[in-house]
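**Q** Before I ask anything, here is the structure I am working with.
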Amino acid sequence: MLFDINWGFVFTIVNLLVLYLLLRHFLFAPIRGIMEQREELIKGQLTSAKEKEDQAAALQKKYEMTMAGAGKDAQEILEKARDRGTTEYDAIIKEAKQNAVRIMDEARRDIEAERERNLRLLSSELAGLAVAAAEKAVDAQGGAFDEEMMDAFLKEEGVLHD
Amino acid sequence: METFTEELLNRMNIRTVFEIPILGGIPVTESVVLSWGIMAFLVLGSIILVRNLKIIPGKKQLALEIAVGGIWDFFEGLMGERGRRYIPYMATVALFIGTSNLVGLVGLFPPTKDLNVTAGLAVMSIVLIEFAGIAQKGPKRWLKSFAEPMPIIAPINVMEIFIRPLSLCMRLFGNILGGFVVMEMVKIAAPLLVPIPLSFYFDIFDGLIQTYVFVLLTSLFIKEAIED
């Protein structure tokens with residue numbers, strides 16, 4: 001009784017097959033499915049994260065290069081500006097100097113001319129005074145005043161100019 | 001003493017619940033009905049637990065995934081890459097035997113104390129083992145593999161086809177029946193409190209160990225069958 005094999009044996013085999021199909025459908029397949037799906041997702045995310053990281057690194061490199069280039073550009077622009085400033089400055093100074101020299105020359109010439117004029121005026125006045133004095137002296141001696149002789153005399157003395 | 005023996009034999013007896021009125025009446029025993037109950041419990045439990053799984057798991061789903069993942073890793077470790085297709089069946093057997101051995105805790109008797117159930121399990125195991133061998137090697141190489149490592153032991157290898165399921169069947173049956181008989185005797189002799197610590201050993205520990213041994217041996221035989 002304890003050891004007899006009967007229909008229970010057949011039932012057990014059928015039960016096992018049915019249970020296998022049911023559990024596979026209701027338990028194992030969904031759970032393994034979701035686990036694999038998650039694994040897939042994580043793998044995908046890791047890959048995309050790696051890609052993004054690479055992209056970011058490339059972008060940073062590019063940015064750094066641009067920044068370095070910009071620094072160089074700025075330096076160049078600054079230098080150019082400085083050069084131009086220096087040139088302009090030099091030109092202005094040069095012009096100013098030229099102007100100054102010209103103005104000085106002009107002033108000197110003016111002064112010379114003025115002096116000449118004053119001198120001429122003075123000498124002619126002096127000549128007049130001398131003539132007057134001489135006339136007075138001649139009148140006092142009662143003699144006639146020879147104007148020609150007077151001029152010649154004055155010229156000889158350098159007072160009167162031609 | 002007379003009544004004690006009678007009572008014990010009465011409890012060991014597996015009654016027929018009803019008969020299916022074809023082929024001159026197919027008897028359906030208690031253990032078969034209990035197996036159906038266990039199947040219903042497992043399938044309904046699966047349906048309830050597996051509802052709306054998410055990519056980001058909650059606590060319940062996480063526990064479920066750890067359990068199923070653990071079972072998967074266990075069998076994959078035993079059977080290797082090639083044995084992967086047999087994992088669902090082995091996991092089914094593990095759940096069925098495990099639950100069967102534990103139903104003693106809720107006052108029922110384990111169906112695995114019925115020789116018909118363990119015989120069914122063992123025959124299914126040997127069919128799976130030989131099927132795995134044929135599927136992996138092809139019929140010719142499978143037949144040749146009986147003469148390995150040398151032809152003289154071929155008879156022993158052939159005998160193994162019968163010895164393996166017999167030992168699987170009898171080990172499970174004997175352990176569970178033995179545990180059941182001891183527990184029933186204790187329950188008759190001292191029904192109050194005394195069965196509790198003993199139940200931990202005979203119902204839980206022994207039940208789980210026998211489950212482990214059964215699926216472990218079947219997996220090892222499958223691995224052996226699909227090896228080169």
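Scheme for the structure tokens: letters A, B, ... for chains in order shown; per-chain residue numbers from 1; ligand numbers from 1 in order shown.
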Could the residues of chain A within 9 Å of chain B, counting only C-alpha atoms, be given as a PyMOL selection string, please?

**A** chain A and resi 1-24+26-32+34-35+37-38+41

**Q** Please produce a file of the residues just selected, as a short mmCIF file (atom, residue, chain, number, x, y, z; two decimals), in the first residue's frame, where the atoms kept are N, CA, C and O atoms.

**A**
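Full text of out01.cif as output:
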data_model
loop_
_atom_site.label_atom_id
_atom_site.label_comp_id
_atom_site.auth_asym_id
_atom_site.auth_seq_id
_atom_site.Cartn_x
_atom_site.Cartn_y
_atom_site.Cartn_z
N MET A 1 0.83 -1.20 0.00
CA MET A 1 0.00 0.00 0.00
C MET A 1 0.87 1.26 0.00
O MET A 1 0.62 2.21 -0.70
N LEU A 2 1.93 1.16 0.81
CA LEU A 2 2.81 2.32 0.92
C LEU A 2 3.65 2.50 -0.35
O LEU A 2 4.00 3.61 -0.71
N PHE A 3 3.95 1.38 -1.01
CA PHE A 3 4.87 1.45 -2.14
C PHE A 3 4.20 1.22 -3.50
O PHE A 3 4.89 1.06 -4.48
N ASP A 4 2.90 1.17 -3.55
CA ASP A 4 2.30 0.88 -4.86
C ASP A 4 2.23 2.14 -5.72
O ASP A 4 1.96 3.24 -5.27
N ILE A 5 2.58 1.90 -6.99
CA ILE A 5 2.55 2.98 -7.97
C ILE A 5 1.21 2.92 -8.66
O ILE A 5 0.81 1.86 -9.16
N ASN A 6 0.51 4.05 -8.70
CA ASN A 6 -0.80 4.05 -9.34
C ASN A 6 -0.97 5.29 -10.21
O ASN A 6 0.02 5.89 -10.65
N TRP A 7 -2.19 5.70 -10.38
CA TRP A 7 -2.47 6.85 -11.25
C TRP A 7 -1.84 8.15 -10.73
O TRP A 7 -1.61 9.08 -11.49
N GLY A 8 -1.57 8.18 -9.47
CA GLY A 8 -0.94 9.38 -8.90
C GLY A 8 0.36 9.74 -9.61
O GLY A 8 0.70 10.92 -9.75
N PHE A 9 1.07 8.72 -10.05
CA PHE A 9 2.32 8.92 -10.79
C PHE A 9 2.08 9.70 -12.09
O PHE A 9 2.75 10.69 -12.38
N VAL A 10 1.06 9.27 -12.83
CA VAL A 10 0.71 9.95 -14.08
C VAL A 10 0.25 11.38 -13.78
O VAL A 10 0.66 12.34 -14.45
N PHE A 11 -0.59 11.51 -12.77
CA PHE A 11 -1.09 12.84 -12.40
C PHE A 11 0.07 13.78 -12.07
O PHE A 11 0.07 14.95 -12.46
N THR A 12 1.06 13.23 -11.36
CA THR A 12 2.20 14.07 -10.95
C THR A 12 2.95 14.61 -12.16
O THR A 12 3.30 15.79 -12.21
N ILE A 13 3.15 13.72 -13.14
CA ILE A 13 3.89 14.16 -14.34
C ILE A 13 3.10 15.25 -15.08
O ILE A 13 3.64 16.29 -15.45
N VAL A 14 1.81 15.01 -15.23
CA VAL A 14 0.96 16.01 -15.90
C VAL A 14 0.97 17.31 -15.10
O VAL A 14 1.13 18.41 -15.66
N ASN A 15 0.81 17.17 -13.78
CA ASN A 15 0.83 18.36 -12.91
C ASN A 15 2.11 19.17 -13.10
O ASN A 15 2.07 20.39 -13.20
N LEU A 16 3.24 18.45 -13.13
CA LEU A 16 4.53 19.13 -13.25
C LEU A 16 4.62 19.90 -14.56
O LEU A 16 5.06 21.06 -14.57
N LEU A 17 4.19 19.26 -15.63
CA LEU A 17 4.26 19.94 -16.94
C LEU A 17 3.36 21.17 -16.95
O LEU A 17 3.76 22.24 -17.43
N VAL A 18 2.16 21.02 -16.40
CA VAL A 18 1.22 22.15 -16.37
C VAL A 18 1.79 23.27 -15.50
O VAL A 18 1.78 24.44 -15.90
N LEU A 19 2.30 22.88 -14.33
CA LEU A 19 2.87 23.89 -13.43
C LEU A 19 4.05 24.61 -14.08
O LEU A 19 4.20 25.83 -13.95
N TYR A 20 4.87 23.84 -14.80
CA TYR A 20 6.01 24.42 -15.51
C TYR A 20 5.54 25.50 -16.50
O TYR A 20 6.04 26.63 -16.49
N LEU A 21 4.55 25.13 -17.30
CA LEU A 21 4.06 26.09 -18.30
C LEU A 21 3.45 27.31 -17.63
O LEU A 21 3.69 28.46 -18.04
N LEU A 22 2.66 27.09 -16.58
CA LEU A 22 2.00 28.22 -15.90
C LEU A 22 3.01 29.14 -15.23
O LEU A 22 2.94 30.37 -15.39
N LEU A 23 3.96 28.54 -14.50
CA LEU A 23 4.93 29.38 -13.80
C LEU A 23 5.82 30.12 -14.80
O LEU A 23 6.17 31.28 -14.58
N ARG A 24 6.16 29.44 -15.88
CA ARG A 24 7.00 30.11 -16.87
C ARG A 24 6.28 31.33 -17.43
O ARG A 24 6.87 32.38 -17.64
N PHE A 26 3.58 32.96 -15.99
CA PHE A 26 3.11 33.97 -15.04
C PHE A 26 4.19 34.50 -14.12
O PHE A 26 4.03 35.55 -13.53
N LEU A 27 5.29 33.76 -13.95
CA LEU A 27 6.30 34.20 -12.97
C LEU A 27 7.65 34.47 -13.62
O LEU A 27 8.15 35.60 -13.55
N PHE A 28 8.19 33.46 -14.28
CA PHE A 28 9.58 33.61 -14.73
C PHE A 28 9.71 34.58 -15.90
O PHE A 28 10.56 35.46 -15.88
N ALA A 29 8.83 34.39 -16.90
CA ALA A 29 8.96 35.23 -18.09
C ALA A 29 8.83 36.71 -17.75
O ALA A 29 9.69 37.51 -18.14
N PRO A 30 7.79 37.14 -17.00
CA PRO A 30 7.70 38.58 -16.72
C PRO A 30 8.86 39.11 -15.90
O PRO A 30 9.39 40.19 -16.19
N ILE A 31 9.29 38.33 -14.89
CA ILE A 31 10.35 38.85 -14.01
C ILE A 31 11.68 38.89 -14.75
O ILE A 31 12.39 39.90 -14.73
N ARG A 32 11.99 37.80 -15.47
CA ARG A 32 13.24 37.82 -16.24
C ARG A 32 13.18 38.92 -17.30
O ARG A 32 14.17 39.59 -17.57
N ILE A 34 11.54 41.81 -17.19
CA ILE A 34 11.75 43.15 -16.65
C ILE A 34 13.21 43.32 -16.23
O ILE A 34 13.80 44.40 -16.40
N MET A 35 13.82 42.23 -15.73
CA MET A 35 15.23 42.33 -15.31
C MET A 35 16.14 42.57 -16.51
O MET A 35 17.05 43.39 -16.47
N GLN A 37 15.16 43.83 -19.35
CA GLN A 37 14.83 45.17 -19.87
C GLN A 37 15.62 46.24 -19.12
O GLN A 37 16.17 47.16 -19.72
N ARG A 38 15.66 46.06 -17.80
CA ARG A 38 16.38 47.04 -16.98
C ARG A 38 17.87 47.02 -17.31
O ARG A 38 18.51 48.06 -17.45
N LEU A 41 18.42 48.78 -20.44
CA LEU A 41 18.26 50.22 -20.23
C LEU A 41 19.51 50.82 -19.60
O LEU A 41 20.03 51.84 -20.05
#

**Q** Quick one: DSSP strand (DSSP E) residues in stretch 4-210 of chain B, as a CSV table (one decimal) with N, CA, C and O atoms, in the first residue's frame?

**A**
chain,number,residue,atom,x,y,z
B,16,THR,N,-8.2,7.9,-1.3
B,16,THR,CA,-8.7,8.4,-2.6
B,16,THR,C,-9.8,9.3,-2.3
B,16,THR,O,-10.7,9.0,-1.6
B,17,VAL,N,-9.7,10.5,-2.9
B,17,VAL,CA,-10.7,11.5,-2.7
B,17,VAL,C,-12.0,11.2,-3.5
B,17,VAL,O,-13.1,11.2,-3.1
B,18,PHE,N,-11.7,11.1,-4.9
B,18,PHE,CA,-12.8,10.7,-5.7
B,18,PHE,C,-12.3,10.0,-7.0
B,18,PHE,O,-11.1,9.8,-7.1
B,19,GLU,N,-13.2,9.5,-7.8
B,19,GLU,CA,-12.8,8.8,-9.0
B,19,GLU,C,-13.3,9.5,-10.2
B,19,GLU,O,-14.4,9.9,-10.2
B,20,ILE,N,-12.4,9.6,-11.2
B,20,ILE,CA,-12.9,10.1,-12.5
B,20,ILE,C,-13.5,8.9,-13.2
B,20,ILE,O,-12.8,7.9,-13.5
B,26,ILE,N,-10.7,6.3,-12.6
B,26,ILE,CA,-9.3,6.7,-12.3
B,26,ILE,C,-9.4,7.3,-10.9
B,26,ILE,O,-10.0,8.4,-10.7
B,27,PRO,N,-8.7,6.7,-9.9
B,27,PRO,CA,-8.7,7.3,-8.6
B,27,PRO,C,-7.9,8.5,-8.5
B,27,PRO,O,-6.8,8.6,-9.0
B,28,VAL,N,-8.4,9.6,-7.8
B,28,VAL,CA,-7.7,10.8,-7.5
B,28,VAL,C,-7.4,10.8,-6.0
B,28,VAL,O,-8.3,10.9,-5.2
B,29,THR,N,-6.1,10.7,-5.7
B,29,THR,CA,-5.7,10.6,-4.3
B,29,THR,C,-5.6,12.0,-3.7
B,29,THR,O,-5.5,13.0,-4.3

**Q** What is the distance, in Å and to one decimal place, between atom CA of B:Leu34 and atom CA of B:Val103?

**A**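 Going from atom CA of B:Leu34 over to atom CA of B:Val103 covers 9.3 Å.
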
**Q** Please provide the set of residues having any atom within 9 Å of B:Phe214, restricted to only C-alpha atoms, with same-chain residues fewer than 3 positions apart removed, written as a list in words.

**A**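 Within the cut-off, the hits are Val93, Ala94, Ile97, Ala122, Leu168, Cys169, Arg171, Leu172, Ile209, Gln210, Thr211, Leu217, Thr218 and Ser219 of chain B.
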
**Q** Using only N, CA, C and O atoms, please write the residues we just selected to a file, as a PDB file, in the first residue's frame.

**A**
ATOM      1  N   VAL B  93      10.451  22.926 -10.409  1.00  0.00           N
ATOM      2  CA  VAL B  93      10.575  21.751  -9.527  1.00  0.00           C
ATOM      3  C   VAL B  93      10.964  22.188  -8.120  1.00  0.00           C
ATOM      4  O   VAL B  93      10.398  21.716  -7.127  1.00  0.00           O
ATOM      5  N   ALA B  94      11.918  23.126  -8.037  1.00  0.00           N
ATOM      6  CA  ALA B  94      12.358  23.599  -6.723  1.00  0.00           C
ATOM      7  C   ALA B  94      11.187  24.207  -5.957  1.00  0.00           C
ATOM      8  O   ALA B  94      10.985  23.917  -4.773  1.00  0.00           O
ATOM      9  N   ILE B  97       8.582  21.280  -5.002  1.00  0.00           N
ATOM     10  CA  ILE B  97       9.020  20.402  -3.906  1.00  0.00           C
ATOM     11  C   ILE B  97       9.129  21.197  -2.606  1.00  0.00           C
ATOM     12  O   ILE B  97       8.706  20.750  -1.545  1.00  0.00           O
ATOM     13  N   ALA B 122      11.034  12.167 -10.176  1.00  0.00           N
ATOM     14  CA  ALA B 122      12.307  11.540 -10.544  1.00  0.00           C
ATOM     15  C   ALA B 122      12.299  11.117 -12.004  1.00  0.00           C
ATOM     16  O   ALA B 122      13.299  11.299 -12.712  1.00  0.00           O
ATOM     17  N   LEU B 168      16.866   9.290  -6.592  1.00  0.00           N
ATOM     18  CA  LEU B 168      16.222  10.602  -6.389  1.00  0.00           C
ATOM     19  C   LEU B 168      14.847  10.417  -5.745  1.00  0.00           C
ATOM     20  O   LEU B 168      14.493  11.101  -4.777  1.00  0.00           O
ATOM     21  N   CYS B 169      14.091   9.468  -6.304  1.00  0.00           N
ATOM     22  CA  CYS B 169      12.730   9.214  -5.870  1.00  0.00           C
ATOM     23  C   CYS B 169      12.698   8.738  -4.423  1.00  0.00           C
ATOM     24  O   CYS B 169      11.987   9.265  -3.586  1.00  0.00           O
ATOM     25  N   ARG B 171      15.069   8.812  -2.065  1.00  0.00           N
ATOM     26  CA  ARG B 171      15.656   9.720  -1.081  1.00  0.00           C
ATOM     27  C   ARG B 171      14.606  10.720  -0.616  1.00  0.00           C
ATOM     28  O   ARG B 171      14.396  10.929   0.582  1.00  0.00           O
ATOM     29  N   LEU B 172      13.946  11.343  -1.587  1.00  0.00           N
ATOM     30  CA  LEU B 172      12.942  12.350  -1.248  1.00  0.00           C
ATOM     31  C   LEU B 172      11.787  11.705  -0.473  1.00  0.00           C
ATOM     32  O   LEU B 172      11.393  12.190   0.592  1.00  0.00           O
ATOM     33  N   ILE B 209      16.209  21.016   2.833  1.00  0.00           N
ATOM     34  CA  ILE B 209      17.425  20.275   2.452  1.00  0.00           C
ATOM     35  C   ILE B 209      17.115  19.279   1.345  1.00  0.00           C
ATOM     36  O   ILE B 209      17.860  19.153   0.361  1.00  0.00           O
ATOM     37  N   GLN B 210      15.994  18.564   1.499  1.00  0.00           N
ATOM     38  CA  GLN B 210      15.646  17.563   0.475  1.00  0.00           C
ATOM     39  C   GLN B 210      15.317  18.230  -0.861  1.00  0.00           C
ATOM     40  O   GLN B 210      15.673  17.719  -1.923  1.00  0.00           O
ATOM     41  N   THR B 211      14.672  19.400  -0.800  1.00  0.00           N
ATOM     42  CA  THR B 211      14.422  20.153  -2.032  1.00  0.00           C
ATOM     43  C   THR B 211      15.743  20.491  -2.706  1.00  0.00           C
ATOM     44  O   THR B 211      15.932  20.292  -3.911  1.00  0.00           O
ATOM     45  N   LEU B 217      21.111  17.606  -7.461  1.00  0.00           N
ATOM     46  CA  LEU B 217      21.539  16.393  -8.165  1.00  0.00           C
ATOM     47  C   LEU B 217      21.039  16.395  -9.601  1.00  0.00           C
ATOM     48  O   LEU B 217      21.798  16.088 -10.523  1.00  0.00           O
ATOM     49  N   THR B 218      19.778  16.762  -9.797  1.00  0.00           N
ATOM     50  CA  THR B 218      19.258  16.796 -11.166  1.00  0.00           C
ATOM     51  C   THR B 218      20.075  17.759 -12.028  1.00  0.00           C
ATOM     52  O   THR B 218      20.436  17.449 -13.166  1.00  0.00           O
ATOM     53  N   SER B 219      20.396  18.934 -11.467  1.00  0.00           N
ATOM     54  CA  SER B 219      21.181  19.917 -12.224  1.00  0.00           C
ATOM     55  C   SER B 219      22.568  19.383 -12.552  1.00  0.00           C
ATOM     56  O   SER B 219      23.066  19.560 -13.668  1.00  0.00           O
TER      57      SER B 219
END

**Q** Kindly give the distance, in Å, that separates atom CA of B:Ile152 and atom CA of B:Leu216, rounded to a single decimal.

**A** 28.5 Å

**Q** Work out how far atom CA of B:Ala63 is from atom CA of B:Ile204, in Å to one decimal.

**A**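 Spanning atom CA of B:Ile204 to atom CA of B:Ala63 is a straight-line distance of 20.8 Å.
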
**Q** Tell me, as a list in words, which residues lie within 12 Å of B:Lys144, counting only C-alpha atoms; anything in the same chain fewer than 3 positions away does not count.

**A**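 Residues near the query, excluding close chain neighbours: Gly133, Ile134, Lys137, Gly138, Pro139, Lys140, Arg141, Ala147, Glu148, Pro149, Met150, Pro151, Ala154, Asn157, Val158 and Asp228 of chain B.
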
**Q** Create the file for the chosen residues now, containing all heavy atoms and written as a CSV table (one decimal), in the first residue's frame.

**A**
chain,number,residue,atom,x,y,z
B,133,GLY,N,21.0,15.5,-22.9
B,133,GLY,CA,22.2,14.9,-23.5
B,133,GLY,C,22.0,14.7,-25.0
B,133,GLY,O,22.9,15.1,-25.8
B,134,ILE,N,20.8,14.3,-25.4
B,134,ILE,CA,20.5,14.1,-26.8
B,134,ILE,C,20.5,15.4,-27.6
B,134,ILE,O,21.1,15.5,-28.6
B,134,ILE,CB,19.2,13.3,-27.0
B,134,ILE,CG1,19.3,11.9,-26.4
B,134,ILE,CG2,18.9,13.2,-28.5
B,134,ILE,CD1,18.0,11.2,-26.3
B,137,LYS,N,24.3,16.7,-27.7
B,137,LYS,CA,25.3,15.9,-28.5
B,137,LYS,C,24.8,15.3,-29.8
B,137,LYS,O,25.6,14.9,-30.6
B,137,LYS,CB,25.8,14.7,-27.6
B,137,LYS,CG,26.5,15.2,-26.3
B,137,LYS,CD,26.8,14.0,-25.4
B,137,LYS,CE,27.6,14.4,-24.2
B,137,LYS,NZ,27.7,13.4,-23.2
B,138,GLY,N,23.5,15.2,-29.9
B,138,GLY,CA,23.0,14.5,-31.1
B,138,GLY,C,22.9,13.0,-30.7
B,138,GLY,O,23.6,12.5,-29.9
B,139,PRO,N,21.9,12.2,-31.3
B,139,PRO,CA,21.7,10.8,-30.9
B,139,PRO,C,22.9,10.0,-30.9
B,139,PRO,O,23.1,9.1,-30.0
B,139,PRO,CB,20.6,10.4,-31.9
B,139,PRO,CG,20.0,11.6,-32.4
B,139,PRO,CD,21.0,12.7,-32.4
B,140,LYS,N,23.7,10.1,-32.0
B,140,LYS,CA,24.9,9.3,-32.1
B,140,LYS,C,25.9,9.4,-31.0
B,140,LYS,O,26.3,8.5,-30.4
B,140,LYS,CB,25.6,9.5,-33.5
B,140,LYS,CG,25.1,8.6,-34.6
B,140,LYS,CD,26.0,8.8,-35.8
B,140,LYS,CE,25.5,8.0,-37.0
B,140,LYS,NZ,26.2,8.4,-38.2
B,141,ARG,N,26.3,10.7,-30.8
B,141,ARG,CA,27.3,11.0,-29.8
B,141,ARG,C,26.7,10.7,-28.4
B,141,ARG,O,27.5,10.3,-27.5
B,141,ARG,CB,27.8,12.4,-29.9
B,141,ARG,CG,28.8,12.6,-30.9
B,141,ARG,CD,29.5,14.0,-30.8
B,141,ARG,NE,30.0,14.2,-29.5
B,141,ARG,CZ,30.0,15.4,-28.9
B,141,ARG,NH1,29.4,16.4,-29.5
B,141,ARG,NH2,30.5,15.6,-27.7
B,147,ALA,N,29.7,4.6,-23.6
B,147,ALA,CA,31.0,3.9,-23.6
B,147,ALA,C,32.2,4.7,-23.2
B,147,ALA,O,33.3,4.4,-23.5
B,147,ALA,CB,31.3,3.3,-25.0
B,148,GLU,N,31.9,5.8,-22.5
B,148,GLU,CA,33.0,6.6,-22.0
B,148,GLU,C,33.1,6.6,-20.5
B,148,GLU,O,32.0,6.5,-19.9
B,148,GLU,CB,32.7,8.1,-22.5
B,148,GLU,CG,33.2,8.3,-24.0
B,148,GLU,CD,32.6,9.6,-24.6
B,148,GLU,OE1,31.9,10.3,-23.8
B,148,GLU,OE2,32.8,9.8,-25.7
B,149,PRO,N,34.2,6.7,-19.9
B,149,PRO,CA,35.5,6.9,-20.6
B,149,PRO,C,36.1,5.6,-21.2
B,149,PRO,O,37.0,5.7,-22.0
B,149,PRO,CB,36.4,7.3,-19.4
B,149,PRO,CG,35.8,6.8,-18.2
B,149,PRO,CD,34.3,6.7,-18.5
B,150,MET,N,35.5,4.4,-20.9
B,150,MET,CA,35.9,3.2,-21.6
B,150,MET,C,34.7,2.3,-21.8
B,150,MET,O,33.8,2.3,-21.0
B,150,MET,CB,37.1,2.5,-20.8
B,150,MET,CG,36.8,2.3,-19.4
B,150,MET,SD,38.1,1.5,-18.5
B,150,MET,CE,39.3,2.8,-18.3
B,151,PRO,N,34.8,1.4,-22.9
B,151,PRO,CA,33.6,0.6,-23.2
B,151,PRO,C,33.1,-0.3,-22.1
B,151,PRO,O,32.0,-0.6,-22.0
B,151,PRO,CB,34.0,-0.1,-24.4
B,151,PRO,CG,35.1,0.7,-25.0
B,151,PRO,CD,35.8,1.3,-23.9
B,154,ALA,N,30.2,0.5,-19.9
B,154,ALA,CA,28.9,0.8,-20.5
B,154,ALA,C,27.7,0.3,-19.8
B,154,ALA,O,26.7,1.0,-19.6
B,154,ALA,CB,28.9,0.3,-22.0
B,157,ASN,N,26.9,2.5,-17.0
B,157,ASN,CA,26.3,3.8,-17.5
B,157,ASN,C,24.9,3.6,-17.8
B,157,ASN,O,24.1,4.5,-17.6
B,157,ASN,CB,27.1,4.3,-18.7
B,157,ASN,CG,28.4,5.0,-18.3
B,157,ASN,OD1,28.5,5.5,-17.1
B,157,ASN,ND2,29.4,5.1,-19.2
B,158,VAL,N,24.6,2.5,-18.4
B,158,VAL,CA,23.2,2.2,-18.8
B,158,VAL,C,22.3,2.0,-17.5
B,158,VAL,O,21.2,2.6,-17.4
B,158,VAL,CB,23.0,1.0,-19.7
B,158,VAL,CG1,21.6,0.6,-19.9
B,158,VAL,CG2,23.8,1.2,-21.0
B,228,ASP,N,31.0,18.3,-22.9
B,228,ASP,CA,31.7,17.6,-24.0
B,228,ASP,C,32.4,16.4,-23.6
B,228,ASP,O,33.0,16.4,-22.6
B,228,ASP,CB,32.7,18.6,-24.7
B,228,ASP,CG,31.9,19.6,-25.6
B,228,ASP,OD1,31.0,19.1,-26.3
B,228,ASP,OD2,32.2,20.7,-25.6

**Q** Find the spatial neighbours of stretch 5-9 of chain B, counting only C-alpha atoms, within a cut-off of 8 Å - ignore same-chain residues fewer than 4 positions away - and output them as an MDAnalysis selection string.

**A** chainID B and resid 1 13 181 184:185
